[in-house]
Protein chains: 2
Amino acid sequence: MNIIPKSIQDLVDELSKLPGVGSKTAQRLTFYLLRSSDNDINELGNSVLNLKKDIKICSTCCNFTDNDPCIICSSQNRDKGIICVVGEPLDVVAFEKTDFTGLYHVLGGVISPVEGVGPDDLYIKKLIDRIKKDKISEVILATNPNLEGETTALYLQKLIQPLGIKITRIARGLPVGGDLEYADEVTLTRSLEGRREY
Amino acid sequence: MNIIPKSIQDLVDELSKLPGVGSKTAQRLTFYLLRSSDNDINELGNSVLNLKKDIKICSTCCNFTDNDPCIICSSQNRDKGIICVVGEPLDVVAFEKTDFTGLYHVLGGVISPVEGVGPDDLYIKKLIDRIKKDKISEVILATNPNLEGETTALYLQKLIQPLGIKITRIARGLPVGGDLEYADEVTLTRSLEGRREY
């Protein structure tokens, strides 16, 4: 006997599909919403429905945007000579919390044979075209420091090298506030390799 | 400079309001949805909007339901002499995974002076009326074993006692699969007090 009313079970099922949301969490969220005001529920529901409405891909950097070119690509206050290459749009959000003032290029993923993602599935050709066309002085490869990210960075490095511009890779080492004791040996090795003089 | 498009930021803001969902999680969920199909997004959005549409409060047990009386109160296969009193609708879902075949009564919360919830804010009068009207042989007080839950159980016990029916409280002790070593002293004390002969 399913004692949960259909409209409640429907939302539990939909929320369970989200990453990191199990059935218990989905139930908890749903019953929280049941106690929320109609206004709050409508705002959440409409936000979901309107999410993609005005969203397109920036024709320059391939990030999500509501205006093409996006606010970063069209800004007059950015250093147009540096491109920071990242895997996902969320990585741009993360870098925007730093002092970085250059431009970005979103690959839309990373090379991953396991998940069947090859170079042609990513916005790599657009990146190369951009480097050739605009006056780019440096490309920062800022994919994640994991297997797929390193593979993608290496692939891009070989592809961009013939163009004769400066290519850098973000530093890998101990995270600030981290603890030597708990660091893995690969991270420690990288932190030694990447050491700098005072 | 807010680089996140408005429709994306709107959903991040709405999701951040949910319990246990911080801004990072809200961002991750939103960008996950941006990569989902329009169909998946519409199903989630409409599930939220339709959540409360057919939901009412059961006039007998005060649980959420789409039909009044609810599927449990109107069932012919339940033991109508036992009422299990719980705080929240989700507690009914939890007990329904056990072999319990009696009825429920949902209080709609627990007595909590800190949050300004008194006995009059709960469905307590309805419970008393129900006990007086129907032939109830036992009331199981199944509020949470925390301060508010125990207070509420004690309050109900004093209120129901004059009616001369059996009142029980769910057992408190070590959770099955638990570890003595990590149990707190209050739980251990309860497990001794509640010990039973083989």
# chains A, B, ... in the order shown; residues from 1 in each chain; ligands from 1

$ interface_residues --of "chain B" --to "chain A" --cutoff "6 Å" --atoms "only C-alpha atoms" --output "list in words"
Pro5, Ser7, Ile8, Leu11, Glu14, Asn42, Leu44, Gly45, Ser47, Val48, Leu49, Leu51, Thr65 and Asp66 of chain B

$ atom_distance --atom1 "atom CA of Pro145 of chain A" --atom2 "atom CA of Val110 of chain A"
11.4 Å

$ residues_around --residues "Thr101 of chain B" --least-positions-apart "3" --cutoff "12 Å" --atoms "only C-alpha atoms" --output "list in words"
Met1 of chain A; Ile72, Cys73, Ser75, Gln76, Asn77, Arg78, Asp79, Lys80, Gly81, Ile82, Ile83, Cys84, Val92, Phe95, Glu96, Lys97, Thr98 and Tyr104 of chain B

$ residues_around --residues "Leu141 of chain B" --least-positions-apart "6" --cutoff "9 Å" --atoms "only C-alpha atoms" --output "count of residues only"
13

$ atom_distance --atom1 "atom CA of Ala171 of chain A" --atom2 "atom CA of Val186 of chain A"
13.1 Å

$ closest_residue --among "B:Ile124, B:Thr151, B:Gly109, B:Asp99" --to "Thr60 of chain B" --atoms "only C-alpha atoms"
B:Ile124

$ residues_around --residues "segment 188-191 of chain B" --least-positions-apart "5" --cutoff "8 Å" --atoms "only C-alpha atoms" --output "list in words"
Arg172, Gly173, Leu174, Leu180 and Ala183 of chain B

$ select_by_dssp --residues "segment 123-167 of chain B" --states "strand (DSSP E or B)" --output "list of chain:residue names"
B:Glu138, B:Val139, B:Ile140, B:Leu141, B:Lys166, B:Ile167
